[in-house]
Each structure stands twice: as C-alpha cells, then as structure tokens.
file entry_23.txt (compact mmCIF, N, CA and C atoms)
# COMPACT_ATOMS: atom_id res chain seq x y z
N MET Z 22 127.26 97.49 116.84
CA MET Z 22 125.94 97.17 116.33
C MET Z 22 125.47 95.85 116.94
N GLU Z 23 124.25 95.84 117.38
CA GLU Z 23 123.66 94.62 117.93
C GLU Z 23 122.77 93.98 116.86
N PHE Z 24 123.00 92.70 116.63
CA PHE Z 24 122.20 91.98 115.65
C PHE Z 24 121.05 91.28 116.37
N LEU Z 25 119.85 91.58 115.92
CA LEU Z 25 118.64 91.00 116.50
C LEU Z 25 117.89 90.24 115.42
N PRO Z 26 117.11 89.25 115.82
CA PRO Z 26 116.35 88.51 114.81
C PRO Z 26 115.31 89.41 114.15
N GLY Z 27 115.14 89.21 112.86
CA GLY Z 27 114.14 89.96 112.14
C GLY Z 27 114.58 90.30 110.74
N LEU Z 28 113.67 90.90 110.01
CA LEU Z 28 113.93 91.35 108.66
C LEU Z 28 113.82 92.86 108.66
N THR Z 29 114.89 93.53 108.20
CA THR Z 29 114.94 94.98 108.24
C THR Z 29 115.35 95.52 106.88
N VAL Z 30 114.58 96.48 106.37
CA VAL Z 30 114.97 97.17 105.15
C VAL Z 30 115.82 98.36 105.57
N VAL Z 31 117.02 98.43 105.01
CA VAL Z 31 117.97 99.51 105.32
C VAL Z 31 118.40 100.16 104.02
N ASP Z 32 118.98 101.34 104.12
CA ASP Z 32 119.55 102.00 102.96
C ASP Z 32 120.59 101.06 102.35
N SER Z 33 120.54 100.86 101.06
CA SER Z 33 121.46 99.92 100.42
C SER Z 33 122.92 100.26 100.66
N VAL Z 34 123.22 101.53 100.89
CA VAL Z 34 124.59 101.95 101.19
C VAL Z 34 125.07 101.35 102.51
N ALA Z 35 124.16 101.14 103.45
CA ALA Z 35 124.52 100.63 104.79
C ALA Z 35 124.78 99.13 104.80
N VAL Z 36 124.36 98.42 103.78
CA VAL Z 36 124.47 96.96 103.78
C VAL Z 36 125.92 96.51 103.87
N GLY Z 37 126.82 97.18 103.18
CA GLY Z 37 128.24 96.82 103.24
C GLY Z 37 128.80 96.89 104.64
N ASP Z 38 128.46 97.94 105.38
CA ASP Z 38 128.92 98.08 106.77
C ASP Z 38 128.33 96.98 107.65
N ILE Z 39 127.08 96.64 107.41
CA ILE Z 39 126.42 95.58 108.18
C ILE Z 39 127.14 94.25 107.95
N ILE Z 40 127.46 93.96 106.71
CA ILE Z 40 128.16 92.72 106.38
C ILE Z 40 129.51 92.67 107.07
N GLU Z 41 130.25 93.75 106.99
CA GLU Z 41 131.57 93.81 107.61
C GLU Z 41 131.49 93.63 109.13
N THR Z 42 130.54 94.30 109.75
CA THR Z 42 130.35 94.19 111.20
C THR Z 42 129.95 92.77 111.60
N ALA Z 43 129.07 92.16 110.83
CA ALA Z 43 128.63 90.79 111.13
C ALA Z 43 129.79 89.81 111.02
N ARG Z 44 130.60 89.98 110.00
CA ARG Z 44 131.77 89.10 109.86
C ARG Z 44 132.73 89.28 111.02
N GLY Z 45 132.90 90.51 111.47
CA GLY Z 45 133.76 90.79 112.61
C GLY Z 45 133.23 90.21 113.91
N ALA Z 46 131.91 89.98 113.96
CA ALA Z 46 131.28 89.41 115.16
C ALA Z 46 131.20 87.89 115.07
N ASP Z 47 131.87 87.30 114.11
CA ASP Z 47 131.89 85.85 113.90
C ASP Z 47 130.52 85.24 113.68
N LEU Z 48 129.65 85.98 113.01
CA LEU Z 48 128.35 85.44 112.63
C LEU Z 48 128.49 84.81 111.25
N ALA Z 49 127.65 83.84 110.96
CA ALA Z 49 127.60 83.30 109.61
C ALA Z 49 126.93 84.35 108.73
N VAL Z 50 127.60 84.73 107.65
CA VAL Z 50 127.11 85.81 106.79
C VAL Z 50 126.90 85.28 105.37
N PHE Z 51 125.73 85.59 104.83
CA PHE Z 51 125.39 85.21 103.47
C PHE Z 51 124.91 86.45 102.74
N VAL Z 52 125.47 86.70 101.56
CA VAL Z 52 125.13 87.89 100.79
C VAL Z 52 124.41 87.46 99.51
N ILE Z 53 123.18 87.91 99.38
CA ILE Z 53 122.37 87.64 98.20
C ILE Z 53 122.54 88.81 97.23
N LEU Z 54 122.85 88.48 95.98
CA LEU Z 54 122.94 89.48 94.92
C LEU Z 54 122.19 88.96 93.70
N THR Z 55 121.14 89.66 93.32
CA THR Z 55 120.38 89.24 92.15
C THR Z 55 120.92 89.87 90.87
N GLY Z 56 121.81 90.82 91.01
CA GLY Z 56 122.55 91.35 89.87
C GLY Z 56 121.74 91.90 88.73
N GLY Z 57 120.66 92.58 89.04
CA GLY Z 57 119.85 93.17 87.99
C GLY Z 57 118.91 92.20 87.28
N ARG Z 58 118.99 90.94 87.65
CA ARG Z 58 118.08 89.96 87.06
C ARG Z 58 116.70 90.12 87.70
N GLU Z 59 115.69 89.63 87.03
CA GLU Z 59 114.33 89.79 87.53
C GLU Z 59 113.61 88.46 87.62
N GLY Z 60 112.57 88.46 88.45
CA GLY Z 60 111.67 87.32 88.53
C GLY Z 60 112.08 86.24 89.51
N ARG Z 61 111.16 85.34 89.67
CA ARG Z 61 111.31 84.22 90.60
C ARG Z 61 112.58 83.43 90.32
N GLU Z 62 112.82 83.13 89.06
CA GLU Z 62 113.98 82.32 88.67
C GLU Z 62 115.28 82.98 89.16
N ALA Z 63 115.39 84.28 89.01
CA ALA Z 63 116.60 85.00 89.45
C ALA Z 63 116.79 84.88 90.95
N PHE Z 64 115.71 85.04 91.71
CA PHE Z 64 115.83 84.95 93.16
C PHE Z 64 116.22 83.53 93.58
N PHE Z 65 115.55 82.54 93.03
CA PHE Z 65 115.86 81.15 93.36
C PHE Z 65 117.31 80.80 93.00
N ASP Z 66 117.75 81.23 91.81
CA ASP Z 66 119.13 80.97 91.38
C ASP Z 66 120.12 81.55 92.37
N THR Z 67 119.87 82.76 92.80
CA THR Z 67 120.76 83.43 93.75
C THR Z 67 120.77 82.71 95.09
N VAL Z 68 119.61 82.33 95.57
CA VAL Z 68 119.54 81.62 96.84
C VAL Z 68 120.24 80.27 96.74
N ARG Z 69 120.01 79.56 95.64
CA ARG Z 69 120.69 78.27 95.45
C ARG Z 69 122.21 78.43 95.47
N ALA Z 70 122.71 79.52 94.90
CA ALA Z 70 124.16 79.74 94.81
C ALA Z 70 124.76 80.28 96.11
N THR Z 71 123.93 80.81 97.00
CA THR Z 71 124.45 81.54 98.15
C THR Z 71 124.15 80.91 99.50
N LEU Z 72 122.94 80.42 99.68
CA LEU Z 72 122.50 79.99 101.00
C LEU Z 72 122.51 78.46 101.13
N PRO Z 73 122.67 77.98 102.36
CA PRO Z 73 122.62 76.52 102.56
C PRO Z 73 121.18 76.03 102.44
N LEU Z 74 120.98 75.05 101.59
CA LEU Z 74 119.65 74.49 101.38
C LEU Z 74 119.70 72.99 101.62
N ASP Z 75 118.67 72.47 102.26
CA ASP Z 75 118.58 71.03 102.49
C ASP Z 75 117.11 70.63 102.50
N PRO Z 76 116.67 69.89 101.51
CA PRO Z 76 117.43 69.38 100.38
C PRO Z 76 117.69 70.48 99.36
N PRO Z 77 118.67 70.26 98.48
CA PRO Z 77 118.91 71.23 97.41
C PRO Z 77 117.67 71.35 96.53
N LEU Z 78 117.41 72.53 96.05
CA LEU Z 78 116.25 72.76 95.18
C LEU Z 78 116.67 72.62 93.72
N GLN Z 79 115.87 71.92 92.95
CA GLN Z 79 116.16 71.72 91.54
C GLN Z 79 115.35 72.66 90.65
N SER Z 80 114.27 73.21 91.19
CA SER Z 80 113.43 74.07 90.38
C SER Z 80 113.10 75.35 91.14
N SER Z 81 112.35 76.20 90.48
CA SER Z 81 111.93 77.47 91.08
C SER Z 81 110.41 77.54 91.20
N ARG Z 82 109.78 76.39 91.27
CA ARG Z 82 108.32 76.35 91.25
C ARG Z 82 107.66 76.69 92.57
N SER Z 83 108.27 76.30 93.69
CA SER Z 83 107.56 76.38 94.95
C SER Z 83 108.27 77.26 95.98
N TRP Z 84 107.60 78.32 96.37
CA TRP Z 84 108.12 79.18 97.43
C TRP Z 84 108.12 78.42 98.76
N ASP Z 85 107.13 77.55 98.96
CA ASP Z 85 107.08 76.76 100.20
C ASP Z 85 108.27 75.81 100.27
N ALA Z 86 108.61 75.21 99.16
CA ALA Z 86 109.79 74.32 99.14
C ALA Z 86 111.05 75.11 99.43
N LEU Z 87 111.14 76.31 98.91
CA LEU Z 87 112.30 77.17 99.21
C LEU Z 87 112.38 77.46 100.69
N SER Z 88 111.27 77.82 101.29
CA SER Z 88 111.23 78.12 102.72
C SER Z 88 111.67 76.92 103.54
N ASP Z 89 111.12 75.76 103.23
CA ASP Z 89 111.46 74.53 103.98
C ASP Z 89 112.94 74.18 103.82
N SER Z 90 113.44 74.26 102.61
CA SER Z 90 114.83 73.91 102.33
C SER Z 90 115.79 74.88 103.00
N LEU Z 91 115.45 76.16 102.97
CA LEU Z 91 116.29 77.17 103.62
C LEU Z 91 116.29 76.98 105.13
N TRP Z 92 115.13 76.73 105.71
CA TRP Z 92 115.04 76.49 107.15
C TRP Z 92 115.96 75.33 107.54
N GLU Z 93 115.85 74.24 106.83
CA GLU Z 93 116.65 73.05 107.17
C GLU Z 93 118.14 73.31 106.95
N GLY Z 94 118.48 74.02 105.90
CA GLY Z 94 119.88 74.33 105.65
C GLY Z 94 120.48 75.22 106.74
N LEU Z 95 119.71 76.21 107.18
CA LEU Z 95 120.21 77.12 108.23
C LEU Z 95 120.28 76.44 109.59
N ILE Z 96 119.32 75.60 109.91
CA ILE Z 96 119.29 74.95 111.23
C ILE Z 96 120.50 74.03 111.39
N GLN Z 97 121.04 73.54 110.29
CA GLN Z 97 122.18 72.64 110.36
C GLN Z 97 123.53 73.35 110.50
N LEU Z 98 123.54 74.67 110.38
CA LEU Z 98 124.79 75.41 110.53
C LEU Z 98 125.29 75.33 111.96
N ASP Z 99 126.61 75.37 112.12
CA ASP Z 99 127.20 75.38 113.45
C ASP Z 99 126.92 76.70 114.18
N SER Z 100 126.82 77.77 113.46
CA SER Z 100 126.62 79.10 114.05
C SER Z 100 125.18 79.29 114.52
N ASP Z 101 125.04 79.88 115.70
CA ASP Z 101 123.70 80.21 116.21
C ASP Z 101 123.27 81.60 115.79
N GLY Z 102 124.18 82.38 115.20
CA GLY Z 102 123.89 83.72 114.72
C GLY Z 102 124.15 83.81 113.23
N ILE Z 103 123.13 84.22 112.49
CA ILE Z 103 123.20 84.23 111.02
C ILE Z 103 122.71 85.58 110.51
N VAL Z 104 123.47 86.14 109.57
CA VAL Z 104 123.07 87.38 108.91
C VAL Z 104 122.95 87.10 107.42
N ILE Z 105 121.80 87.46 106.87
CA ILE Z 105 121.57 87.38 105.43
C ILE Z 105 121.39 88.81 104.94
N ALA Z 106 122.21 89.20 103.97
CA ALA Z 106 122.14 90.57 103.43
C ALA Z 106 121.82 90.51 101.94
N TRP Z 107 120.79 91.22 101.55
CA TRP Z 107 120.40 91.30 100.15
C TRP Z 107 120.59 92.75 99.73
N SER Z 108 121.79 93.05 99.28
CA SER Z 108 122.15 94.45 99.07
C SER Z 108 121.50 95.09 97.85
N ASP Z 109 121.24 94.35 96.79
CA ASP Z 109 120.64 94.96 95.60
C ASP Z 109 119.13 94.67 95.49
N ALA Z 110 118.50 94.52 96.62
CA ALA Z 110 117.06 94.21 96.63
C ALA Z 110 116.21 95.31 96.03
N ALA Z 111 116.62 96.56 96.17
CA ALA Z 111 115.82 97.68 95.64
C ALA Z 111 115.70 97.57 94.12
N ASP Z 112 116.78 97.16 93.46
CA ASP Z 112 116.72 96.98 92.01
C ASP Z 112 115.77 95.85 91.64
N PHE Z 113 115.83 94.76 92.40
CA PHE Z 113 114.94 93.63 92.17
C PHE Z 113 113.48 94.05 92.37
N LYS Z 114 113.24 94.81 93.41
CA LYS Z 114 111.88 95.29 93.71
C LYS Z 114 111.33 96.11 92.54
N ASP Z 115 112.19 96.93 91.94
CA ASP Z 115 111.76 97.78 90.82
C ASP Z 115 111.27 96.96 89.64
N VAL Z 116 111.95 95.84 89.36
CA VAL Z 116 111.60 95.06 88.16
C VAL Z 116 110.69 93.88 88.45
N SER Z 117 110.65 93.43 89.70
CA SER Z 117 109.83 92.26 90.07
C SER Z 117 109.15 92.48 91.42
N PRO Z 118 108.23 93.45 91.51
CA PRO Z 118 107.65 93.77 92.81
C PRO Z 118 106.89 92.62 93.47
N THR Z 119 106.20 91.81 92.71
CA THR Z 119 105.44 90.70 93.31
C THR Z 119 106.39 89.66 93.88
N GLU Z 120 107.40 89.28 93.11
CA GLU Z 120 108.37 88.30 93.59
C GLU Z 120 109.17 88.86 94.77
N TYR Z 121 109.44 90.15 94.75
CA TYR Z 121 110.15 90.80 95.86
C TYR Z 121 109.35 90.62 97.15
N GLU Z 122 108.06 90.91 97.11
CA GLU Z 122 107.21 90.79 98.30
C GLU Z 122 107.15 89.34 98.77
N THR Z 123 107.04 88.42 97.84
CA THR Z 123 107.00 87.00 98.21
C THR Z 123 108.33 86.57 98.81
N ALA Z 124 109.43 87.01 98.23
CA ALA Z 124 110.75 86.67 98.76
C ALA Z 124 110.91 87.20 100.19
N LEU Z 125 110.46 88.41 100.44
CA LEU Z 125 110.53 88.96 101.81
C LEU Z 125 109.67 88.15 102.77
N ALA Z 126 108.51 87.73 102.31
CA ALA Z 126 107.63 86.92 103.16
C ALA Z 126 108.30 85.60 103.51
N VAL Z 127 108.95 84.96 102.54
CA VAL Z 127 109.65 83.70 102.79
C VAL Z 127 110.77 83.92 103.78
N LEU Z 128 111.60 84.92 103.55
CA LEU Z 128 112.72 85.20 104.46
C LEU Z 128 112.21 85.53 105.86
N GLY Z 129 111.16 86.33 105.95
CA GLY Z 129 110.59 86.67 107.25
C GLY Z 129 110.04 85.46 107.98
N ASP Z 130 109.41 84.57 107.26
CA ASP Z 130 108.88 83.35 107.86
C ASP Z 130 110.00 82.47 108.41
N VAL Z 131 111.08 82.36 107.65
CA VAL Z 131 112.21 81.56 108.10
C VAL Z 131 112.83 82.17 109.35
N VAL Z 132 112.98 83.48 109.38
CA VAL Z 132 113.53 84.17 110.56
C VAL Z 132 112.69 83.85 111.79
N GLU Z 133 111.39 83.96 111.63
CA GLU Z 133 110.49 83.73 112.77
C GLU Z 133 110.49 82.27 113.22
N SER Z 134 110.35 81.36 112.28
CA SER Z 134 110.22 79.95 112.65
C SER Z 134 111.52 79.35 113.16
N ILE Z 135 112.65 79.78 112.64
CA ILE Z 135 113.92 79.22 113.09
C ILE Z 135 114.35 79.82 114.44
N GLY Z 136 113.72 80.90 114.82
CA GLY Z 136 113.99 81.50 116.13
C GLY Z 136 113.09 80.98 117.23
N ASP Z 137 112.16 80.10 116.86
CA ASP Z 137 111.21 79.55 117.82
C ASP Z 137 111.80 78.33 118.52
N SER Z 138 111.90 78.40 119.82
CA SER Z 138 112.51 77.32 120.60
C SER Z 138 111.72 76.01 120.48
N VAL Z 139 110.42 76.10 120.44
CA VAL Z 139 109.60 74.89 120.34
C VAL Z 139 109.74 74.26 118.96
N GLY Z 140 109.63 75.07 117.92
CA GLY Z 140 109.70 74.58 116.54
C GLY Z 140 111.07 74.02 116.16
N THR Z 141 112.09 74.43 116.90
CA THR Z 141 113.45 73.94 116.61
C THR Z 141 113.92 72.92 117.64
N CYS Z 142 112.99 72.42 118.45
CA CYS Z 142 113.32 71.43 119.49
C CYS Z 142 114.44 71.93 120.40
N GLY Z 143 114.33 73.19 120.80
CA GLY Z 143 115.29 73.76 121.74
C GLY Z 143 116.60 74.20 121.11
N ARG Z 144 116.65 74.30 119.77
CA ARG Z 144 117.87 74.72 119.08
C ARG Z 144 117.62 75.95 118.21
N PRO Z 145 117.03 77.00 118.76
CA PRO Z 145 116.72 78.17 117.92
C PRO Z 145 118.00 78.87 117.45
N LYS Z 146 117.85 79.58 116.37
CA LYS Z 146 118.95 80.39 115.84
C LYS Z 146 118.47 81.81 115.66
N MET Z 147 119.40 82.74 115.82
CA MET Z 147 119.11 84.15 115.61
C MET Z 147 119.47 84.47 114.16
N VAL Z 148 118.46 84.81 113.37
CA VAL Z 148 118.69 85.16 111.97
C VAL Z 148 118.25 86.60 111.76
N SER Z 149 119.19 87.41 111.26
CA SER Z 149 118.92 88.80 110.90
C SER Z 149 119.03 88.92 109.39
N VAL Z 150 117.99 89.46 108.78
CA VAL Z 150 117.99 89.68 107.34
C VAL Z 150 117.96 91.19 107.11
N TYR Z 151 118.92 91.66 106.31
CA TYR Z 151 118.99 93.08 105.96
C TYR Z 151 118.79 93.21 104.46
N VAL Z 152 117.79 93.98 104.10
CA VAL Z 152 117.39 94.14 102.71
C VAL Z 152 117.69 95.57 102.31
N GLY Z 153 118.49 95.72 101.26
CA GLY Z 153 118.85 97.05 100.79
C GLY Z 153 117.68 97.73 100.09
N GLY Z 154 117.39 98.93 100.55
CA GLY Z 154 116.33 99.73 99.95
C GLY Z 154 116.87 101.07 99.49
N ARG Z 155 116.04 101.85 98.91
CA ARG Z 155 116.45 103.18 98.45
C ARG Z 155 116.28 104.18 99.61
N ARG Z 156 117.07 105.21 99.59
CA ARG Z 156 116.94 106.26 100.61
C ARG Z 156 115.54 106.83 100.56
N GLY Z 157 114.98 106.95 101.76
CA GLY Z 157 113.65 107.54 101.88
C GLY Z 157 112.51 106.60 101.53
N SER Z 158 112.83 105.31 101.28
CA SER Z 158 111.73 104.39 100.95
C SER Z 158 111.46 103.45 102.08

call {"tool": "encode", "arguments": {"input": "entry_23.txt", "output": "structure tokens"}}
result
Amino acid sequence: MEFLPGLTVVDSVAVGDIIETARGADLAVFVILTGGREGREAFFDTVRATLPLDPPLQSSRSWDALSDSLWEGLIQLDSDGIVIAWSDAADFKDVSPTEYETALAVLGDVVESIGDSVGTCGRPKMVSVYVGGRRGS
C-alpha cells in the first residue's frame, strides 16, 4: 500500500489493516477513537489524548486553535510520514454530524498546509488521514 497525503474515508473494517501497514512502513501512526462519545468535547478530548499538540489545548472552544496546535505538533515530529486513523468516525458522524464535518475540515486543512513546502519553510510532511466509514457510504 502506498501512503499519499490526503484525507480518505474508508470502510471502517479496513482501518485496522491500514494502521498495521503504516506501522510496518515506519510511519508515525496515531489512532483516534471517540468511543461512542459525541460532540466537540469528545473529539477534542480524543485529539488531546492521542495527537501531538503544541501548544497543548486546555479547552474545546476553538477549532482554529486545534488546527494550529495540531499543525505545530506534527511539524515537530521526527518522521516525515504520518498516518492518522479515526476508526470509529462513522459512529461519531451518526451522533454529531456537524462536529464530524468540522473535524474533517480541520484534519483536511492540516494535511494540506503541512504538506506545503512554502508554508513549512521547506520542511513539508506527508500526512495521510483515514476515516472509518460505513460500507456503501
């Protein structure tokens, strides 16, 4: 499997294989699990517990602050290849569709901006985000 920058919705069953393959390819791998929780607070809590953030976020008020903090946390990693997998995203989407869409927008923005050579002062990173969805959706 070739990992390319971008955000991709995949069958949630495939996320486990993607994680295993990414780890085997020596990529930095982060797995987001919202665990049936809903809303902005659940997503922020999961990101705070899972992903590198700089500066650390103390609240769940600002999606822009989350984006900035995540960008800075990821850019500081030693690895130039990063995989973020959100395997239970379909459940989150069912209970929090608005926050789900906003979370995808934030993750997509980070993928794009951190892959930009100019915006990263010549230190771009390849970030692949895999979001678990339902079959046929």

call {"tool": "select_by_dssp", "arguments": {"input": "entry_23.txt", "residues": "region 22-139 of chain Z", "states": "alpha helix (DSSP H)", "output": "PyMOL selection string"}}
result
chain Z and resi 36-45+60-71+84-96+110-116+118-135

call {"tool": "select_by_dssp", "arguments": {"input": "entry_23.txt", "residues": "region 24-150 of chain Z", "states": "strand (DSSP E)", "output": "PyMOL selection string"}}
result
chain Z and resi 27-32+49-53+102-107+147-150

call {"tool": "closest_residue", "arguments": {"input": "entry_23.txt", "among": "Z:Arg69, Z:Lys146, Z:Arg58, Z:Arg155", "to": "Ile103 (chain Z)", "atoms": "only C-alpha atoms"}}
result
Z:Lys146

call {"tool": "atom_distance", "arguments": {"input": "entry_23.txt", "atom1": "CA of Phe113 (chain Z)", "atom2": "CA of Ser33 (chain Z)"}}
result
12.3 Å

call {"tool": "closest_residue", "arguments": {"input": "entry_23.txt", "among": "Z:Asp99, Z:Glu133, Z:Asp109, Z:Glu120", "to": "Asp47 (chain Z)", "atoms": "only C-alpha atoms"}}
result
Z:Asp99

call {"tool": "atom_distance", "arguments": {"input": "entry_23.txt", "atom1": "CA of Thr71 (chain Z)", "atom2": "CA of Gly136 (chain Z)"}}
result
20.8 Å
